[in-house]
Structures are given as structure tokens and as C-alpha cells.
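Notes to accompany the following structure.
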Amino acid sequence: MTLATTEEQLTGTAAVRFPAGFRWGAATASYQIEGAAADDGRTPSIWDTFARTPGKVFEGHSGDVACEHYFRYRDDVALMKRLGLGTYRFSVAWPRIKPDGSGPVNSRGLDFYDRLVDELLDKGIDPMVTLYHWDLPQVLEDRGGWTNRDTAYYLADLATATIARLGDRVRTWTTLNEPWCSAFLGYGSGVHAPGRQDPRATFEAVHHLMLGHGLAARALRAGGAREVSLTLNLTDVRPLTPADPHDQAAARLIDGLQNRLFLDPALRGRYPQDMLALFERFGAAGVIRSGDEALIAAPIDLLGVNYYQPALVRAQVGAHSGEAHPGSEGVEFVTQSAPVTAMDWPVDPTGLSDLLLRLAADYPGVPLMVTENGAAYTDVVEGDRVADDERIAYLDGHLRAAHAAIEGGADLRGYLAWSLLDNYEWGYGYGKRFGLVHVDYATQRRLPKDSAHWYAEVIGRNGLA
Ligand code: FCB
């Protein structure tokens, strides 16, 4: 492959075909779409609590009702079928399946996922289950949440209970979604539930999440899982001045916190030295017990990559370390000169191709899947239409980047758009819309945006025109 081809692909002038068997789909998460917060024995999660804490979430929005997917799942699956999705990635709500976090299984909670899986299979859609997409039972947070080692073992118990019920029909299982967010936003900056701000707790949470991943991966394997995966939010971190050694060191540190801290234990069986130094510095090294790293390195069959934007950093004397990146004094995040989404996230698809190629080079042997990619924009409904050209351009650019990475040697097996539906965007409540399908929250009407129709065509031709 020549560089010229890559340029052409990224600027959107060439037709692009994906490999035969490429998996196309969309992703969601339980708390963001289900609603039914108190139905059939579900207990509160940390997000129910956080949403009710004044000042934490935009306009105090909660997931109490969300998209009512719990009741409308049949229509939503029919919609997926109309869009031609081959794979649907969703998460299970821990407080539905184990309302007290660690004890008996609530079969009524599992019944919902049982029905959903049957409905998906009936429509020819491959279900992909994530065990933990951030909705920890509040009762477990009351016992320390992810700072408590027991939580890792409870995640493995959740894995065992869930695969016992769904394992005859679900092929692909993911342990965690984005442990960086759970730890650094949940226990570091506090912008996510449970809203703690403590660097020591942050690193303790990192380790217990990763230990939970390893234990759950083993439990899934024991339960007969055919494909076990972990989904990380990985970031292509770039030094402002690539040749400047100080900027390089700044980028390396942020790469450590965002990427290597999770990739290395999962795929190489050890934390990176520079990250171990941060565990030490913040008094959290004691949580890493002998043998833990071997448990974390349980074999996986697929690495899920969630990608939205790259990061640009430089060394800057006196710069404070943000609470989401403890230990990063002297590193400044630089605003990028790129168009931004409604989240203010810069749009730069080259970050995705660079990231996928870097994973292929540094962590060879594990197949990759983009398990989330997409954009929020200020959508306008006009009659029966949402003309979301910007979202189409975003998806088109990132699919070209994904394809360029495949051409460059990355073993990329699939692409899942975030998200099927507009939904509860965590601290932004319902204020940000990432869906291919517009949701009118007053009536629960689903309206496929232009991007949904466009994506259906992409799937149909297994590529871009
Ligand atoms: C990811 C989350 C997902 C959604 C997107 C926009 O970090 O996994 O739930 O919020 O961002």
C-alpha cells in the first residue's frame, strides 16, 4: 500500500471495500438506554445515585426512563434489522442480575437479556455482551466500590451467572467497557459516578478493575465463551513538537495513563514501570499482590477499541496535572486545530488509523474491533428527517481510516457505531445526541437519521462508495 492511497482514502475520494466477513454493528449500554430503573427487582446503581446528586449531571437528568428500551426492545431490534446490523453490542445491568451486588441471582433481571438475545438471534443479529459498562450496584460502592478488592471477585461471579443463562446463544463476551473512565473519571476527576476525587483510590480502582477483568475472563472461558474480549478507550497521544524530547516524554506519560496502564497488564502480563511508579507515589502499590498480573493476563480473543479523538500534549513547566491524569505535572493538553463535535471533541480520523497500526505493531496477535466510534452533533428534526451530514462525514472519515489501518496490516475484524439510539450521555444527560436514530424523549418515537440510512448502505455494500 502506498502512502498516496492512504491519503486518498482518508480524504474520501476512493471507493473502499472491507474484508469478507467484516462485522458491522452498533453499540449501546444498559444505563444509557434501558430505563425501567426500579422494575423486576433492579436496585440502584452508582449512576442512579450520582444522577440524583445535585450539580453532577446536566439538568439533573437520570436514566430512570431513558429510551425505555427495556419495554421497547422488540421494536429496537426490528430497527436494527432494517438497518442491516450484523452485530449488536449491549451491556447487562449488574443491579438487575445481582440486586445486592454479590449475592443471589435475580432471574427476572436475567429474563430481560434472555428475551433480548432471542429477539436478536431471531433477526439474524449477533449479540455481543459487555458485563460492566459502569453501572456498579450502589450497595457495592457503599463497601468501597472498585477500591475494594472483593468487587473484582464479584464481577467474576456476575460473569458466571450471566454466561450460565446466555452462554448457549451468545458467542462474544466483553468483561469491561473503558476501565480508564471507571477509574479516572469515577475516582479521579469525579465527573462520573461515584464522583470521588482521590488519586490513591483511582489507582486502586485501576488495579481492581483489571483484576476483575482477568477473573471474569477466566469465568467466561470456564462457562464456555467462544470469544472473550476487553474494550478500552484508547487514545493516540501526540507530542506537539514531535522532535522535542520533552514533548515526547509528555506524550509518553499520557500514553501510559490512557493506554499502556491497561494494555500492558492485559496483553503482556505486567504493568509498565513508569505506571508502577505512580501506584507507588499515590500509595496504591500495596493493592497489587503477587500473582495478580498473571491473573489479569488471561488470554483474550479480541481487543475492543473505543476511539473518538486523539490527544495533543506538550511539556510545559509549571503546568498542573489534571485530576483525570494524576501524576502528569508539567504536561499541558493543547487545543487542536480541527473541527469539533458538539462535545467539543476534535475530529481527526488519522488518530484512529495511527492507533490501530500502533496496536498491531506493539501488541501483535490479538484481533481488533472498533467497539465504539461516533459523534454528537446538534441534530435538527425537520418533518420526518434529520439531515446529519456532519455525522455522516465523521463516520465516513473514520471508516476510511479503519480501512487504511487494515491495508497497513492491522487485524481489524469489525466496526460498531456509537450509538444505535440517542441516549443518556452520562454527565451530559440527554443533552448530547450520538445516535444513528433520533429519539424524541417526550414520545419515545425513533426516527432514523440520514446517517442511519447511509450506514445501512455501507453495511449493504461492505464498504464506502
Ligand atoms: C464512551 C462510552 C459510551 C459513550 C461514548 C460517547 O466513553 O463508553 O458509553 O458515552 O463514550
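Ordering of the C-alpha cells sets the chain letters (A, B, ...); residue numbers start at 1 within each chain; ligands are numbered from 1 in the order shown.
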With 7 Å as the cut-off and only C-alpha atoms and all ligand atoms counted, what is the closest atom pair between each nearby residue of chain A and ligand 1? Distances in Å to one decimal, ordered by chain and number, as a tab-separated table.
```
residue	atom	partner	partner_atom_place_in_ligand_line	distance
A:Thr28	CA	ligand 1	9 (O)	7.0
A:Ala29	CA	ligand 1	9 (O)	6.1
A:Asn177	CA	ligand 1	8 (O)	6.2
A:Glu178	CA	ligand 1	8 (O)	6.2
A:Asn233	CA	ligand 1	7 (O)	6.7
A:Trp418	CA	ligand 1	5 (C)	6.7
A:Glu425	CA	ligand 1	10 (O)	5.2
A:Trp426	CA	ligand 1	10 (O)	6.3
A:Phe434	CA	ligand 1	6 (C)	6.9
```
Go ahead and save the picked residues with all heavy atoms, as an mmCIF file, in the first residue's frame.
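Saved as out20.cif:
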```cif
data_model
loop_
_atom_site.group_PDB
_atom_site.id
_atom_site.type_symbol
_atom_site.label_atom_id
_atom_site.label_comp_id
_atom_site.auth_asym_id
_atom_site.auth_seq_id
_atom_site.Cartn_x
_atom_site.Cartn_y
_atom_site.Cartn_z
ATOM 1 N N THR A 28 -24.572 0.003 22.434
ATOM 2 C CA THR A 28 -25.311 0.782 23.445
ATOM 3 C C THR A 28 -24.813 0.333 24.819
ATOM 4 O O THR A 28 -23.941 -0.533 24.906
ATOM 5 C CB THR A 28 -26.839 0.511 23.406
ATOM 6 O OG1 THR A 28 -27.069 -0.867 23.746
ATOM 7 C CG2 THR A 28 -27.453 0.820 22.054
ATOM 8 N N ALA A 29 -25.380 0.896 25.864
ATOM 9 C CA ALA A 29 -25.077 0.425 27.222
ATOM 10 C C ALA A 29 -26.337 0.485 28.072
ATOM 11 O O ALA A 29 -27.187 1.361 27.866
ATOM 12 C CB ALA A 29 -23.986 1.290 27.860
ATOM 13 N N ASN A 177 -16.053 -2.273 29.909
ATOM 14 C CA ASN A 177 -16.003 -1.162 28.964
ATOM 15 C C ASN A 177 -15.202 -0.028 29.592
ATOM 16 O O ASN A 177 -15.556 0.486 30.652
ATOM 17 C CB ASN A 177 -17.409 -0.648 28.665
ATOM 18 C CG ASN A 177 -17.369 0.576 27.748
ATOM 19 O OD1 ASN A 177 -17.082 0.457 26.561
ATOM 20 N ND2 ASN A 177 -17.619 1.767 28.299
ATOM 21 N N GLU A 178 -14.097 0.331 28.957
ATOM 22 C CA GLU A 178 -13.351 1.543 29.307
ATOM 23 C C GLU A 178 -13.019 1.683 30.787
ATOM 24 O O GLU A 178 -13.489 2.622 31.460
ATOM 25 C CB GLU A 178 -14.121 2.784 28.833
ATOM 26 C CG GLU A 178 -14.419 2.787 27.348
ATOM 27 C CD GLU A 178 -14.934 4.139 26.842
ATOM 28 O OE1 GLU A 178 -15.156 5.038 27.661
ATOM 29 O OE2 GLU A 178 -15.077 4.286 25.623
ATOM 30 N N ASN A 233 -10.841 2.432 26.052
ATOM 31 C CA ASN A 233 -10.882 3.693 25.299
ATOM 32 C C ASN A 233 -9.437 4.132 25.119
ATOM 33 O O ASN A 233 -8.805 4.605 26.038
ATOM 34 C CB ASN A 233 -11.711 4.774 25.993
ATOM 35 C CG ASN A 233 -11.307 5.044 27.418
ATOM 36 O OD1 ASN A 233 -11.085 4.115 28.194
ATOM 37 N ND2 ASN A 233 -11.193 6.298 27.783
ATOM 38 N N TRP A 418 -21.130 4.034 17.637
ATOM 39 C CA TRP A 418 -21.756 4.564 18.845
ATOM 40 C C TRP A 418 -22.573 5.755 18.412
ATOM 41 O O TRP A 418 -21.998 6.717 17.953
ATOM 42 C CB TRP A 418 -20.738 4.991 19.902
ATOM 43 C CG TRP A 418 -21.487 5.424 21.131
ATOM 44 C CD1 TRP A 418 -21.932 6.688 21.429
ATOM 45 C CD2 TRP A 418 -21.936 4.569 22.201
ATOM 46 N NE1 TRP A 418 -22.637 6.670 22.602
ATOM 47 C CE2 TRP A 418 -22.653 5.393 23.091
ATOM 48 C CE3 TRP A 418 -21.813 3.202 22.466
ATOM 49 C CZ2 TRP A 418 -23.236 4.875 24.246
ATOM 50 C CZ3 TRP A 418 -22.405 2.706 23.623
ATOM 51 C CH2 TRP A 418 -23.104 3.548 24.499
ATOM 52 N N GLU A 425 -26.245 10.489 27.914
ATOM 53 C CA GLU A 425 -24.806 10.636 27.758
ATOM 54 C C GLU A 425 -24.165 11.054 29.093
ATOM 55 O O GLU A 425 -23.580 12.118 29.236
ATOM 56 C CB GLU A 425 -24.492 11.619 26.615
ATOM 57 C CG GLU A 425 -23.022 11.860 26.329
ATOM 58 C CD GLU A 425 -22.150 10.610 26.254
ATOM 59 O OE1 GLU A 425 -22.604 9.566 25.774
ATOM 60 O OE2 GLU A 425 -20.989 10.701 26.697
ATOM 61 N N TRP A 426 -24.352 10.193 30.092
ATOM 62 C CA TRP A 426 -23.676 10.335 31.382
ATOM 63 C C TRP A 426 -23.841 11.757 31.940
ATOM 64 O O TRP A 426 -24.952 12.234 32.026
ATOM 65 C CB TRP A 426 -22.214 9.884 31.261
ATOM 66 C CG TRP A 426 -22.115 8.521 30.611
ATOM 67 C CD1 TRP A 426 -21.586 8.231 29.375
ATOM 68 C CD2 TRP A 426 -22.593 7.250 31.124
ATOM 69 N NE1 TRP A 426 -21.697 6.881 29.113
ATOM 70 C CE2 TRP A 426 -22.298 6.256 30.154
ATOM 71 C CE3 TRP A 426 -23.227 6.858 32.299
ATOM 72 C CZ2 TRP A 426 -22.628 4.913 30.339
ATOM 73 C CZ3 TRP A 426 -23.549 5.520 32.487
ATOM 74 C CH2 TRP A 426 -23.254 4.574 31.515
ATOM 75 N N PHE A 434 -25.784 11.084 20.239
ATOM 76 C CA PHE A 434 -24.815 10.299 19.478
ATOM 77 C C PHE A 434 -25.489 9.296 18.539
ATOM 78 O O PHE A 434 -24.810 8.524 17.873
ATOM 79 C CB PHE A 434 -23.914 9.496 20.430
ATOM 80 C CG PHE A 434 -22.723 10.241 20.988
ATOM 81 C CD1 PHE A 434 -22.818 10.980 22.162
ATOM 82 C CD2 PHE A 434 -21.484 10.183 20.355
ATOM 83 C CE1 PHE A 434 -21.708 11.636 22.689
ATOM 84 C CE2 PHE A 434 -20.368 10.838 20.867
ATOM 85 C CZ PHE A 434 -20.484 11.575 22.035
#
```
Give me every alpha helix (DSSP H) residue in region 356-442 of chain A, going by DSSP on the backbone, as an MDAnalysis selection string.
-> chainID A and resid 356:362 389:407
Written selection (N, CA and C atoms) as a PDB file, in the first residue's frame:
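What follows is the written file selection.pdb:
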```pdb
ATOM      1  N   LEU A 356      -4.688   2.081  15.526  1.00  0.00           N
ATOM      2  CA  LEU A 356      -4.837   0.666  15.143  1.00  0.00           C
ATOM      3  C   LEU A 356      -3.496   0.097  14.670  1.00  0.00           C
ATOM      4  N   LEU A 357      -2.741   0.896  13.936  1.00  0.00           N
ATOM      5  CA  LEU A 357      -1.444   0.410  13.453  1.00  0.00           C
ATOM      6  C   LEU A 357      -0.462   0.261  14.606  1.00  0.00           C
ATOM      7  N   ARG A 358      -0.537   1.156  15.551  1.00  0.00           N
ATOM      8  CA  ARG A 358       0.331   1.050  16.732  1.00  0.00           C
ATOM      9  C   ARG A 358      -0.005  -0.207  17.547  1.00  0.00           C
ATOM     10  N   LEU A 359      -1.292  -0.500  17.697  1.00  0.00           N
ATOM     11  CA  LEU A 359      -1.681  -1.713  18.425  1.00  0.00           C
ATOM     12  C   LEU A 359      -1.169  -2.952  17.698  1.00  0.00           C
ATOM     13  N   ALA A 360      -1.305  -2.933  16.370  1.00  0.00           N
ATOM     14  CA  ALA A 360      -0.831  -4.083  15.588  1.00  0.00           C
ATOM     15  C   ALA A 360       0.674  -4.268  15.769  1.00  0.00           C
ATOM     16  N   ALA A 361       1.394  -3.167  15.871  1.00  0.00           N
ATOM     17  CA  ALA A 361       2.859  -3.251  15.996  1.00  0.00           C
ATOM     18  C   ALA A 361       3.283  -3.611  17.415  1.00  0.00           C
ATOM     19  N   ASP A 362       2.695  -2.956  18.424  1.00  0.00           N
ATOM     20  CA  ASP A 362       3.160  -3.125  19.805  1.00  0.00           C
ATOM     21  C   ASP A 362       2.514  -4.301  20.535  1.00  0.00           C
ATOM     22  N   ASP A 389     -25.503  15.549   8.123  1.00  0.00           N
ATOM     23  CA  ASP A 389     -24.350  15.392   7.229  1.00  0.00           C
ATOM     24  C   ASP A 389     -23.017  15.336   7.973  1.00  0.00           C
ATOM     25  N   GLU A 390     -22.929  16.101   9.057  1.00  0.00           N
ATOM     26  CA  GLU A 390     -21.648  16.106   9.785  1.00  0.00           C
ATOM     27  C   GLU A 390     -21.340  14.732  10.380  1.00  0.00           C
ATOM     28  N   ARG A 391     -22.390  14.076  10.879  1.00  0.00           N
ATOM     29  CA  ARG A 391     -22.167  12.736  11.454  1.00  0.00           C
ATOM     30  C   ARG A 391     -21.763  11.749  10.353  1.00  0.00           C
ATOM     31  N   ILE A 392     -22.392  11.885   9.195  1.00  0.00           N
ATOM     32  CA  ILE A 392     -22.018  11.014   8.074  1.00  0.00           C
ATOM     33  C   ILE A 392     -20.553  11.243   7.712  1.00  0.00           C
ATOM     34  N   ALA A 393     -20.151  12.506   7.668  1.00  0.00           N
ATOM     35  CA  ALA A 393     -18.754  12.802   7.321  1.00  0.00           C
ATOM     36  C   ALA A 393     -17.804  12.229   8.385  1.00  0.00           C
ATOM     37  N   TYR A 394     -18.204  12.343   9.642  1.00  0.00           N
ATOM     38  CA  TYR A 394     -17.376  11.793  10.728  1.00  0.00           C
ATOM     39  C   TYR A 394     -17.215  10.285  10.548  1.00  0.00           C
ATOM     40  N   LEU A 395     -18.334   9.602  10.350  1.00  0.00           N
ATOM     41  CA  LEU A 395     -18.280   8.139  10.227  1.00  0.00           C
ATOM     42  C   LEU A 395     -17.509   7.737   8.971  1.00  0.00           C
ATOM     43  N   ASP A 396     -17.763   8.428   7.882  1.00  0.00           N
ATOM     44  CA  ASP A 396     -17.076   8.126   6.627  1.00  0.00           C
ATOM     45  C   ASP A 396     -15.555   8.262   6.808  1.00  0.00           C
ATOM     46  N   GLY A 397     -15.135   9.346   7.413  1.00  0.00           N
ATOM     47  CA  GLY A 397     -13.698   9.566   7.608  1.00  0.00           C
ATOM     48  C   GLY A 397     -13.068   8.497   8.484  1.00  0.00           C
ATOM     49  N   HIS A 398     -13.785   8.112   9.541  1.00  0.00           N
ATOM     50  CA  HIS A 398     -13.220   7.117  10.458  1.00  0.00           C
ATOM     51  C   HIS A 398     -13.239   5.719   9.844  1.00  0.00           C
ATOM     52  N   LEU A 399     -14.236   5.451   9.009  1.00  0.00           N
ATOM     53  CA  LEU A 399     -14.229   4.144   8.332  1.00  0.00           C
ATOM     54  C   LEU A 399     -13.095   4.076   7.317  1.00  0.00           C
ATOM     55  N   ARG A 400     -12.821   5.181   6.666  1.00  0.00           N
ATOM     56  CA  ARG A 400     -11.675   5.192   5.738  1.00  0.00           C
ATOM     57  C   ARG A 400     -10.370   4.995   6.504  1.00  0.00           C
ATOM     58  N   ALA A 401     -10.294   5.598   7.676  1.00  0.00           N
ATOM     59  CA  ALA A 401      -9.093   5.425   8.500  1.00  0.00           C
ATOM     60  C   ALA A 401      -8.962   3.975   8.962  1.00  0.00           C
ATOM     61  N   ALA A 402     -10.084   3.375   9.343  1.00  0.00           N
ATOM     62  CA  ALA A 402     -10.061   1.970   9.766  1.00  0.00           C
ATOM     63  C   ALA A 402      -9.603   1.086   8.606  1.00  0.00           C
ATOM     64  N   HIS A 403     -10.106   1.404   7.431  1.00  0.00           N
ATOM     65  CA  HIS A 403      -9.731   0.617   6.258  1.00  0.00           C
ATOM     66  C   HIS A 403      -8.244   0.785   5.932  1.00  0.00           C
ATOM     67  N   ALA A 404      -7.766   2.015   6.052  1.00  0.00           N
ATOM     68  CA  ALA A 404      -6.337   2.251   5.798  1.00  0.00           C
ATOM     69  C   ALA A 404      -5.485   1.432   6.775  1.00  0.00           C
ATOM     70  N   ALA A 405      -5.947   1.322   8.020  1.00  0.00           N
ATOM     71  CA  ALA A 405      -5.199   0.531   9.005  1.00  0.00           C
ATOM     72  C   ALA A 405      -5.192  -0.948   8.615  1.00  0.00           C
ATOM     73  N   ILE A 406      -6.313  -1.428   8.105  1.00  0.00           N
ATOM     74  CA  ILE A 406      -6.359  -2.831   7.648  1.00  0.00           C
ATOM     75  C   ILE A 406      -5.344  -3.018   6.521  1.00  0.00           C
ATOM     76  N   GLU A 407      -5.342  -2.089   5.584  1.00  0.00           N
ATOM     77  CA  GLU A 407      -4.385  -2.166   4.466  1.00  0.00           C
ATOM     78  C   GLU A 407      -2.950  -2.137   4.986  1.00  0.00           C
TER      79      GLU A 407
END
```
All residues 10 Å or closer to region 281-290 of chain A, only C-alpha atoms, same chain fewer than 3 positions away omitted, as a ChimeraX atom specification = /A:147-149,198-208,211,271,275-278,293-295,326-327
Neighbour list for Gly25 (chain A) as JSON, numbers by chain, cut-off 12 Å, only C-alpha atoms, skip fewer than 4 positions in-chain | {"A": [77, 80, 81, 83, 84, 85, 86, 87, 88, 89, 90, 125, 126, 127, 128, 369, 370, 371, 372, 373, 413, 414, 415, 416, 417, 418, 419, 420, 436, 452, 455, 456, 458, 459, 460, 462]}
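The closest residue to Lys432 (chain A), picked from A:Cys181, A:Leu368, A:Met343, A:Ala387 and counting only C-alpha atoms, is A:Met343.
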Between A:Val105, A:Leu136, A:Val340, A:Leu215, which has the minimum distance to Pro194 (chain A) (counting only C-alpha atoms)?
->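 Ranked by minimum distance to Pro194 (chain A), first place goes to A:Leu136.
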Would you list, as a list in words, the residues of region 44-211 of chain A that end up in strand (DSSP E or B) under DSSP run on this structure's backbone?
->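 Everything in region 44-211 of chain A that counts as strand (DSSP E or B) is Ser45, Thr87, Tyr88, Arg89, Phe90, Ser91, Asp126, Pro127, Met128, Val129, Thr130, Leu131, Tyr132, Pro137, Thr172, Trp173, Thr174, Thr175, Leu176 and Asn177 of chain A.
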Work out how far CA of Arg196 (chain A) is from CA of Gly427 (chain A), in Å to one decimal.
->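 We find that CA of Gly427 (chain A) and CA of Arg196 (chain A) lie 14.2 Å from each other.
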Residue neighbourhood Gly101 (chain A), 9 Å, only C-alpha atoms, exclusion window fewer than 5 positions, as a list in words | Trp94, Pro95, Leu136, Pro137, Gln138, Val139, Leu140, Thr151, Tyr154, Leu155 and Leu158 of chain A
Selection above as a file: N, CA and C atoms, as a PDB file, in the first residue's frame:
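As written to disk, result_33.pdb reads:
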```pdb
ATOM      1  N   TRP A  94     -25.704  -4.859  36.050  1.00  0.00           N
ATOM      2  CA  TRP A  94     -25.338  -5.661  37.235  1.00  0.00           C
ATOM      3  C   TRP A  94     -26.449  -5.615  38.282  1.00  0.00           C
ATOM      4  N   PRO A  95     -27.021  -4.411  38.607  1.00  0.00           N
ATOM      5  CA  PRO A  95     -28.052  -4.380  39.659  1.00  0.00           C
ATOM      6  C   PRO A  95     -29.374  -5.044  39.276  1.00  0.00           C
ATOM      7  N   LEU A 136     -22.269   0.046  38.421  1.00  0.00           N
ATOM      8  CA  LEU A 136     -21.995  -0.765  39.619  1.00  0.00           C
ATOM      9  C   LEU A 136     -23.162  -0.656  40.599  1.00  0.00           C
ATOM     10  N   PRO A 137     -23.589  -1.780  41.186  1.00  0.00           N
ATOM     11  CA  PRO A 137     -24.623  -1.665  42.221  1.00  0.00           C
ATOM     12  C   PRO A 137     -24.158  -0.712  43.334  1.00  0.00           C
ATOM     13  N   GLN A 138     -25.036   0.172  43.735  1.00  0.00           N
ATOM     14  CA  GLN A 138     -24.677   1.138  44.781  1.00  0.00           C
ATOM     15  C   GLN A 138     -24.253   0.427  46.066  1.00  0.00           C
ATOM     16  N   VAL A 139     -24.874  -0.722  46.355  1.00  0.00           N
ATOM     17  CA  VAL A 139     -24.504  -1.446  47.591  1.00  0.00           C
ATOM     18  C   VAL A 139     -23.025  -1.818  47.575  1.00  0.00           C
ATOM     19  N   LEU A 140     -22.474  -2.064  46.399  1.00  0.00           N
ATOM     20  CA  LEU A 140     -21.038  -2.387  46.348  1.00  0.00           C
ATOM     21  C   LEU A 140     -20.194  -1.125  46.521  1.00  0.00           C
ATOM     22  N   THR A 151     -14.683  -6.510  44.935  1.00  0.00           N
ATOM     23  CA  THR A 151     -15.502  -6.158  43.763  1.00  0.00           C
ATOM     24  C   THR A 151     -15.025  -6.909  42.524  1.00  0.00           C
ATOM     25  N   TYR A 154     -16.526 -10.243  42.661  1.00  0.00           N
ATOM     26  CA  TYR A 154     -17.972 -10.185  42.386  1.00  0.00           C
ATOM     27  C   TYR A 154     -18.237 -10.035  40.883  1.00  0.00           C
ATOM     28  N   LEU A 155     -17.332  -9.327  40.195  1.00  0.00           N
ATOM     29  CA  LEU A 155     -17.509  -9.225  38.738  1.00  0.00           C
ATOM     30  C   LEU A 155     -17.409 -10.616  38.101  1.00  0.00           C
ATOM     31  N   LEU A 158     -20.576 -12.321  38.585  1.00  0.00           N
ATOM     32  CA  LEU A 158     -21.575 -11.830  37.627  1.00  0.00           C
ATOM     33  C   LEU A 158     -21.369 -12.516  36.274  1.00  0.00           C
TER      34      LEU A 158
END
```
For region 234-250 of chain A, please output as a PyMOL selection string all residues within 12 Å (counting only C-alpha atoms; exclusion window: fewer than 6 positions along the same chain).
-> chain A and resi 177-181+256-263+274+303-317+319+321+325+327-337+348-359+370-373
